[in-house]
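For reference, coords.txt is printed below; it contains compact mmCIF, C-alpha atoms.
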# COMPACT_ATOMS: atom_id res chain seq x y z
CA MET O 65 111.34 166.60 143.88
CA SER O 66 114.44 167.97 145.67
CA ARG O 67 118.01 167.45 144.53
CA LEU O 68 118.47 165.07 147.45
CA HIS O 69 115.61 162.90 146.20
CA ASP O 70 117.07 162.98 142.71
CA GLU O 71 120.57 162.01 143.86
CA PHE O 72 119.29 159.29 146.13
CA ARG O 73 117.13 157.87 143.37
CA ARG O 74 120.07 158.01 140.92
CA LEU O 75 122.28 156.00 143.26
CA PHE O 76 120.12 153.70 145.31
CA GLN O 77 116.60 153.17 143.98
CA PRO O 78 115.52 150.75 141.28
CA ALA O 79 112.94 152.12 138.85
CA ALA O 80 110.54 153.18 141.57
CA PRO O 81 107.14 154.55 140.60
CA VAL O 82 106.31 154.71 144.32
CA ALA O 83 109.06 157.26 144.86
CA GLU O 84 108.00 159.31 141.84
CA ALA O 85 104.44 159.53 143.14
CA ARG O 86 105.47 160.95 146.51
CA PRO O 87 104.84 164.67 146.99
CA PRO O 88 107.83 167.06 146.83
CA GLY O 89 109.57 167.50 150.18
CA SER O 90 108.43 164.14 151.57
CA PRO O 91 111.11 162.08 153.32
CA LEU O 92 112.87 159.24 151.59
CA ASP O 93 111.81 155.79 152.75
CA THR O 94 112.82 152.16 152.42
CA SER O 95 109.71 151.19 150.45
CA ALA O 96 111.38 152.59 147.33
CA LEU O 97 114.62 150.62 147.75
CA ALA O 98 113.42 147.29 146.30
CA ASP O 99 111.82 146.64 142.93
CA ASP O 100 108.79 144.45 142.38
CA GLN O 101 111.04 141.38 142.38
CA GLY O 102 112.66 142.29 145.70
CA ARG O 103 115.99 143.26 144.11
CA VAL O 104 118.05 146.18 145.40
CA ARG O 105 120.65 148.68 144.24
CA ALA O 106 121.59 149.94 147.73
CA LEU O 107 123.83 147.89 150.05
CA VAL O 108 124.70 149.12 153.54
CA LEU O 109 127.47 147.99 155.89
CA GLU O 110 127.05 149.36 159.42
CA LEU O 111 129.54 149.21 162.31
CA ALA O 112 128.25 150.21 165.75
CA ARG O 113 128.76 149.99 169.49
CA PRO O 114 131.17 151.78 169.07
CA ALA O 115 131.26 153.53 165.72
CA ASP O 116 134.83 152.52 164.94
CA TRP O 117 135.88 154.57 161.92
CA PRO O 118 139.44 153.17 161.60
CA ALA O 119 137.97 149.67 161.16
CA LEU O 120 135.32 150.87 158.70
CA ALA O 121 137.86 153.06 156.92
CA ALA O 122 139.81 149.90 156.06
CA VAL O 123 136.77 148.76 154.08
CA TRP O 124 136.21 152.19 152.50
CA GLN O 125 139.83 152.32 151.35
CA GLY O 126 140.13 148.63 150.51
CA VAL O 127 137.22 148.43 148.09
CA GLN O 128 138.80 151.26 146.11
CA ALA O 129 142.48 150.30 146.29
CA GLU O 130 142.17 146.50 146.11
CA LEU O 131 138.91 145.93 144.24
CA GLY O 132 138.91 149.06 142.06
CA LEU O 133 135.35 149.98 143.07
CA PRO O 134 133.87 153.47 143.35
CA ALA O 135 133.93 154.99 146.83
CA PRO O 136 130.83 154.20 148.91
CA ALA O 137 128.95 156.95 150.72
CA VAL O 138 129.62 157.38 154.45
CA ALA O 139 126.81 158.05 156.92
CA VAL O 140 126.10 158.34 160.64
CA ASN O 141 122.94 156.52 161.71
CA GLY O 142 121.96 159.06 164.38
CA SER O 143 122.40 156.77 167.35
CA GLU O 144 125.33 154.38 167.60
CA GLY O 145 126.97 153.61 164.29
CA LEU O 146 128.67 154.56 161.05
CA GLN O 147 127.60 153.18 157.67
CA LEU O 148 128.99 152.62 154.18
CA TRP O 149 126.43 152.86 151.37
CA PHE O 150 127.25 151.01 148.13
CA SER O 151 125.41 151.78 144.90
CA LEU O 152 124.88 149.38 141.98
CA VAL O 153 123.97 150.25 138.42
CA GLN O 154 121.64 147.25 138.19
CA PRO O 155 119.51 145.79 140.99
CA VAL O 156 120.49 142.39 142.40
CA PRO O 157 118.74 139.82 144.63
CA VAL O 158 119.16 140.36 148.36
CA GLU O 159 121.03 137.04 148.64
CA GLN O 160 123.65 138.34 146.21
CA ALA O 161 123.89 141.63 148.11
CA GLN O 162 124.44 139.66 151.31
CA ALA O 163 127.20 137.61 149.66
CA PHE O 164 129.03 140.83 148.77
CA LEU O 165 128.67 142.30 152.27
CA GLN O 166 129.72 139.04 153.91
CA GLY O 167 132.79 139.06 151.68
CA LEU O 168 133.66 142.56 152.91
CA ARG O 169 133.27 141.38 156.50
CA ARG O 170 135.56 138.38 155.97
CA ARG O 171 138.21 140.41 154.21
CA TRP O 172 138.42 143.51 156.39
CA LEU O 173 136.32 143.03 159.53
CA SER O 174 136.93 139.42 160.52
CA GLU O 175 138.05 140.44 164.02
CA VAL O 176 134.96 142.57 164.70
CA ALA O 177 132.29 140.88 166.84
CA ALA O 178 129.28 139.93 164.72
CA PRO O 179 126.71 141.76 166.91
CA ARG O 180 128.43 145.06 166.09
CA LEU O 181 127.84 144.64 162.36
CA ALA O 182 124.69 145.05 160.30
CA LEU O 183 124.67 143.92 156.67
CA LEU O 184 121.69 145.56 155.01
CA PRO O 185 119.28 144.74 153.58
CA ARG O 186 118.92 141.61 155.65
CA ALA O 187 117.81 138.51 153.81
CA SER O 188 114.13 137.83 154.40
CA ASP O 189 112.09 134.68 154.15
CA ALA O 190 111.39 134.52 150.44
CA ALA O 191 108.65 131.98 150.96
CA ALA O 192 106.79 134.45 153.16
CA GLY O 193 107.19 137.21 150.58
CA ALA O 194 108.58 139.60 153.19
CA ALA O 195 110.23 142.83 152.03
CA PRO O 196 113.98 143.29 152.67
CA HIS O 197 114.69 144.61 156.17
CA TRP O 198 116.78 147.79 156.30
CA GLY O 199 117.40 148.29 160.03
CA ASN O 200 119.08 151.59 160.90
CA ALA O 201 119.48 152.46 157.23
CA ALA O 202 115.91 153.73 157.48
CA ALA O 203 117.05 156.51 159.80
CA VAL O 204 119.40 157.95 157.18
CA LEU O 205 116.64 157.73 154.59
CA SER O 206 113.99 159.42 156.70
CA GLN O 207 116.29 162.28 157.79
CA GLN O 208 114.48 162.22 161.13
CA ALA O 209 116.26 162.65 164.48
CA GLN O 210 116.67 159.43 166.43
CA SER O 211 116.34 161.49 169.62
CA PRO O 212 116.49 165.26 170.24
CA GLY O 213 119.70 166.64 168.75
CA CYS O 214 120.78 163.33 167.17
CA TRP O 215 120.34 163.49 163.40
CA PRO O 216 121.34 160.79 160.90
CA ALA O 217 123.10 162.05 157.77
CA PHE O 218 125.56 161.38 155.00
CA ILE O 219 128.94 162.85 155.90
CA ALA O 220 132.25 163.60 154.19
CA PRO O 221 134.69 160.66 154.58
CA ASP O 222 137.49 162.92 155.86
CA LEU O 223 135.23 163.97 158.75
CA ALA O 224 134.10 160.46 159.72
CA ALA O 225 136.65 160.11 162.53
CA VAL O 226 135.10 163.15 164.25
CA PHE O 227 131.86 161.18 164.72
CA ALA O 228 133.36 158.05 166.30
CA ASP O 229 132.07 158.94 169.78
CA THR O 230 128.96 160.80 168.62
CA PRO O 231 127.66 159.26 165.37
CA TRP O 232 125.07 161.95 164.71
CA LEU O 233 124.68 165.59 163.77
CA ASP O 234 123.53 168.05 166.43
CA LEU O 235 121.43 169.96 163.88
CA GLN O 236 119.23 168.80 161.03
CA PRO O 237 121.39 168.37 157.91
CA SER O 238 120.76 170.58 154.92
CA ALA O 239 119.08 168.79 152.02
CA GLU O 240 121.32 170.69 149.62
CA GLY O 241 124.43 169.70 151.56
CA GLN O 242 123.32 166.06 151.56
CA ALA O 243 122.69 166.23 147.81
CA ASP O 244 126.16 167.67 147.28
CA LEU O 245 127.74 164.77 149.16
CA LEU O 246 125.89 162.23 147.00
CA ALA O 247 126.43 164.05 143.71
CA GLY O 248 130.07 162.96 143.41
CA LEU O 249 129.39 159.26 143.93
CA ARG O 250 129.20 156.61 141.21
CA SER O 251 127.47 153.24 141.00
CA LEU O 252 129.17 149.87 140.45
CA PRO O 253 128.66 148.70 136.85
CA PRO O 254 127.70 145.04 136.31
CA GLN O 255 131.17 143.89 135.24
CA ALA O 256 132.82 145.43 138.29
CA TRP O 257 130.10 143.94 140.50
CA GLN O 258 130.68 140.42 139.19
CA ALA O 259 134.44 140.78 139.55
CA ALA O 260 134.02 141.96 143.14
CA LEU O 261 131.76 139.01 143.97
CA GLN O 262 134.40 136.62 142.67
CA ALA O 263 137.21 138.38 144.54
CA LEU O 264 135.25 138.31 147.80
CA ALA O 265 133.96 134.75 147.51
CA PRO O 266 134.95 132.45 150.38
CA PRO O 267 138.03 130.33 149.61
CA ALA O 268 137.21 126.97 148.12
CA GLU O 269 137.83 124.08 150.46
CA SER O 270 140.60 121.72 149.41
CA PRO O 271 139.03 118.47 148.18
CA ALA O 272 139.59 115.46 150.36
CA PRO O 273 142.12 112.98 148.94
CA ALA O 274 140.40 110.46 146.73
CA ASN O 275 140.09 107.04 148.29
CA ARG O 276 141.80 104.47 146.13
CA ASP O 277 142.00 100.72 146.47
CA LEU O 278 145.26 100.00 148.21
CA PRO O 279 147.48 97.24 146.86
CA ALA O 280 147.88 94.11 148.90
CA SER O 281 151.27 95.42 150.03
CA ALA O 282 149.56 98.32 151.80
CA SER O 283 148.02 96.01 154.36
CA ALA O 284 151.33 94.37 155.22
CA PRO O 285 152.82 94.89 158.68
CA ALA O 286 155.01 97.92 159.24
CA LEU O 287 158.34 97.49 157.52
CA ALA O 288 161.67 97.72 159.29
CA PRO O 289 165.19 96.69 158.34
CA ALA O 290 165.14 93.78 160.82
CA ALA O 291 162.19 92.26 158.95
CA CYS O 292 164.52 91.26 156.15
CA GLY O 293 166.79 89.17 158.36
CA ASP O 294 170.45 88.45 157.68
CA GLY O 295 171.32 88.92 154.04
CA ALA O 296 167.69 89.92 153.06
CA PRO O 297 166.29 86.69 151.66
CA ALA O 298 165.26 86.90 148.03
CA ALA O 299 161.50 86.63 148.65
CA ALA O 300 161.52 89.45 151.21
CA GLU O 301 163.66 91.62 148.96
CA ARG O 302 161.32 91.09 146.00
CA PHE O 303 158.39 91.98 148.21
CA LEU O 304 160.04 95.20 149.37
CA ARG O 305 161.04 96.18 145.86
CA SER O 306 157.49 95.59 144.60
CA VAL O 307 156.16 97.93 147.27
CA MET O 308 158.83 100.57 146.56
CA ASP O 309 158.13 100.47 142.81
CA ASP O 310 154.33 100.47 143.14
CA GLY O 311 153.24 103.98 142.08
CA ALA O 312 149.76 103.39 143.52
CA ALA O 313 151.06 102.59 147.00
CA PRO O 314 151.09 105.36 149.63
CA LEU O 315 154.32 107.36 149.51
CA ALA O 316 155.05 106.74 153.19
CA LEU O 317 154.84 102.99 152.64
CA ARG O 318 157.19 103.16 149.64
CA ILE O 319 159.70 105.15 151.69
CA GLU O 320 159.59 102.57 154.47
CA ALA O 321 160.23 99.82 151.90
CA ALA O 322 163.23 101.74 150.55
CA LYS O 323 164.59 102.17 154.08
CA ALA O 324 164.16 98.47 154.72
CA LEU O 325 166.06 97.57 151.55
CA LEU O 326 168.81 100.05 152.41
CA GLY O 327 169.12 98.60 155.90
CA ALA O 328 169.20 95.08 154.55
CA GLY O 329 171.94 95.99 152.10
CA ARG O 330 174.06 97.51 154.84
CA ALA O 331 173.54 94.49 157.06
CA ALA O 332 174.69 92.22 154.25
Structure re-expressed in structure tokens:
Amino acid sequence: MSRLHDEFRRLFQPAAPVAEARPPGSPLDTSALADDQGRVRALVLELARPADWPALAAVWQGVQAELGLPAPAVAVNGSEGLQLWFSLVQPVPVEQAQAFLQGLRRRWLSEVAAPRLALLPRASDAAAGAAPHWGNAAAVLSQQAQSPGCWPAFIAPDLAAVFADTPWLDLQPSAEGQADLLAGLRSLPPQAWQAALQALAPPAESPAPANRDLPASASAPALAPAACGDGAPAAAERFLRSVMDDGAAPLALRIEAAKALLGAGRAA
């Protein structure tokens, strides 16, 4: 097999006997990207229509600077978009891969319209036993032109901005050049993967205040200084003090009771 096959298998394929059985020189394909349990090592984030590299660069830089992850590969899909390819040491379920990619979207691409993003592989109906769907990632794997003169390929990150308007290569990429681009990449080890999932998890919703049985004083009419009358009769004053001192009563009600007592004192 070619160096490109070897590098791609090192980064993105689970143990894949299907890939090993393919004849030398055959194109890479998505059938080798999932193991027999449907788990994957390759995760792809695509931004298209247009291929906005500054937006995608924020993800490329952020995962390294903020999450401490290895740099993902950068690719043009040969038609309308740029992609980031993440590699994992161990395969994970597609649902977990989607959770990671959704976390990236929330953190760095929240203002990008959803139709412009593809998070691959897409989750499939597990009950139907469908294979993960790879969308335009298949074009980069197959190394086949999307249309004449529009080739998908892995590219150097410092050249990505050049492809914003034309996310393709005019000539077929060299297999050796593609292998060289992949050779310097590393996969996310399990510990870093779990830490990234936690860091990218959606924020927990604040729990609703627990309902507690309100004391009888809580159902009393709204308190005001005038309610105490001239000189604040003893019964009314005791009532107000009981509300003010009741730690289980709502704070707002206790404050109103304190105001009422203060007003009554001043009136006296």
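Among the candidates O:Val158, O:Ala137, O:Leu223, O:Leu152, the one nearest to Ala243 (chain O) when counting only C-alpha atoms is O:Ala137.
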(message) For a test of reading the model, state the distance in Å between CA of Phe76 (chain O) and CA of Trp124 (chain O), rounded to one decimal.
(response) 17.7 Å
(request) One decimal, Å: what's the distance from CA of Leu252 (chain O) over to CA of Gln101 (chain O), could you say? (result) 20.1 Å
(request) Determine the nearest neighbour of Asp222 (chain O) from the options O:Leu133, O:Ala139, O:Asp309, O:Val156, counting only C-alpha atoms. (result)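 Among O:Leu133, O:Ala139, O:Asp309, O:Val156, it is O:Ala139 that comes nearest to Asp222 (chain O).
Between CA of Ser251 (chain O) and CA of Arg103 (chain O) the separation is 15.5 Å.
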(message) Which residue is closest to Pro196 (chain O)? Choose from O:Leu249, O:Leu183, O:Ala122, O:Leu75 and count only C-alpha atoms.
(response) O:Leu183
(request) Using all atoms listed in the file, pick whichever of O:Pro136, O:Gly102, O:Pro253, O:Gly142 has the shortest atom-to-atom distance to Asp229 (chain O). (result)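 Nearest to Asp229 (chain O): O:Gly142.
In terms of minimum interatomic distance to Ala119 (chain O), O:Ala225 ranks closest within O:Ala106, O:Ala225, O:Val140, O:Leu205, counting all atoms listed in the file.
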(message) From (125.9, 157.6, 167.8), in the file's coordinates, out to 6 Å: which residues are reached, counting only C-alpha atoms? Answer as a PyMOL selection string.
(response) chain O and resi 142-145+230-232
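Among O:Pro134, O:Pro78, O:Pro114, O:Pro212, the residue with the shortest atom-to-atom distance to Ala256 (chain O), counting all atoms listed in the file, is O:Pro134.
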Within 9 Å of region 257-271 of chain O, which residues of region 121-220 of chain O show up? Give each one with its shortest atom-to-atom distance in Å (one decimal) and the two atoms involved, counting all atoms listed in the file, rows by chain then rising residue number, as JSON lines.
{"residue": "O:Val127", "atom": "CA", "partner": "O:Ala260", "partner_atom": "CA", "distance": 8.8}
{"residue": "O:Leu131", "atom": "CA", "partner": "O:Ala260", "partner_atom": "CA", "distance": 6.4}
{"residue": "O:Gly132", "atom": "CA", "partner": "O:Ala260", "partner_atom": "CA", "distance": 8.7}
{"residue": "O:Leu133", "atom": "CA", "partner": "O:Ala260", "partner_atom": "CA", "distance": 8.1}
{"residue": "O:Leu152", "atom": "CA", "partner": "O:Trp257", "partner_atom": "CA", "distance": 7.7}
{"residue": "O:Gln160", "atom": "CA", "partner": "O:Leu261", "partner_atom": "CA", "distance": 8.4}
{"residue": "O:Ala163", "atom": "CA", "partner": "O:Leu261", "partner_atom": "CA", "distance": 7.4}
{"residue": "O:Phe164", "atom": "CA", "partner": "O:Leu261", "partner_atom": "CA", "distance": 5.8}
{"residue": "O:Leu165", "atom": "CA", "partner": "O:Leu264", "partner_atom": "CA", "distance": 8.9}
{"residue": "O:Gln166", "atom": "CA", "partner": "O:Leu264", "partner_atom": "CA", "distance": 8.3}
{"residue": "O:Gly167", "atom": "CA", "partner": "O:Leu264", "partner_atom": "CA", "distance": 4.7}
{"residue": "O:Leu168", "atom": "CA", "partner": "O:Leu264", "partner_atom": "CA", "distance": 6.8}
{"residue": "O:Arg170", "atom": "CA", "partner": "O:Pro266", "partner_atom": "CA", "distance": 8.2}
{"residue": "O:Arg171", "atom": "CA", "partner": "O:Leu264", "partner_atom": "CA", "distance": 7.4}
Selected residues written out with C-alpha atoms, as a compact mmCIF listing (two decimals), in the frame of the given file:
# COMPACT_ATOMS: atom_id res chain seq x y z
CA VAL O 127 137.22 148.43 148.09
CA LEU O 131 138.91 145.93 144.24
CA GLY O 132 138.91 149.06 142.06
CA LEU O 133 135.35 149.98 143.07
CA LEU O 152 124.88 149.38 141.98
CA GLN O 160 123.65 138.34 146.21
CA ALA O 163 127.20 137.61 149.66
CA PHE O 164 129.03 140.83 148.77
CA LEU O 165 128.67 142.30 152.27
CA GLN O 166 129.72 139.04 153.91
CA GLY O 167 132.79 139.06 151.68
CA LEU O 168 133.66 142.56 152.91
CA ARG O 170 135.56 138.38 155.97
CA ARG O 171 138.21 140.41 154.21
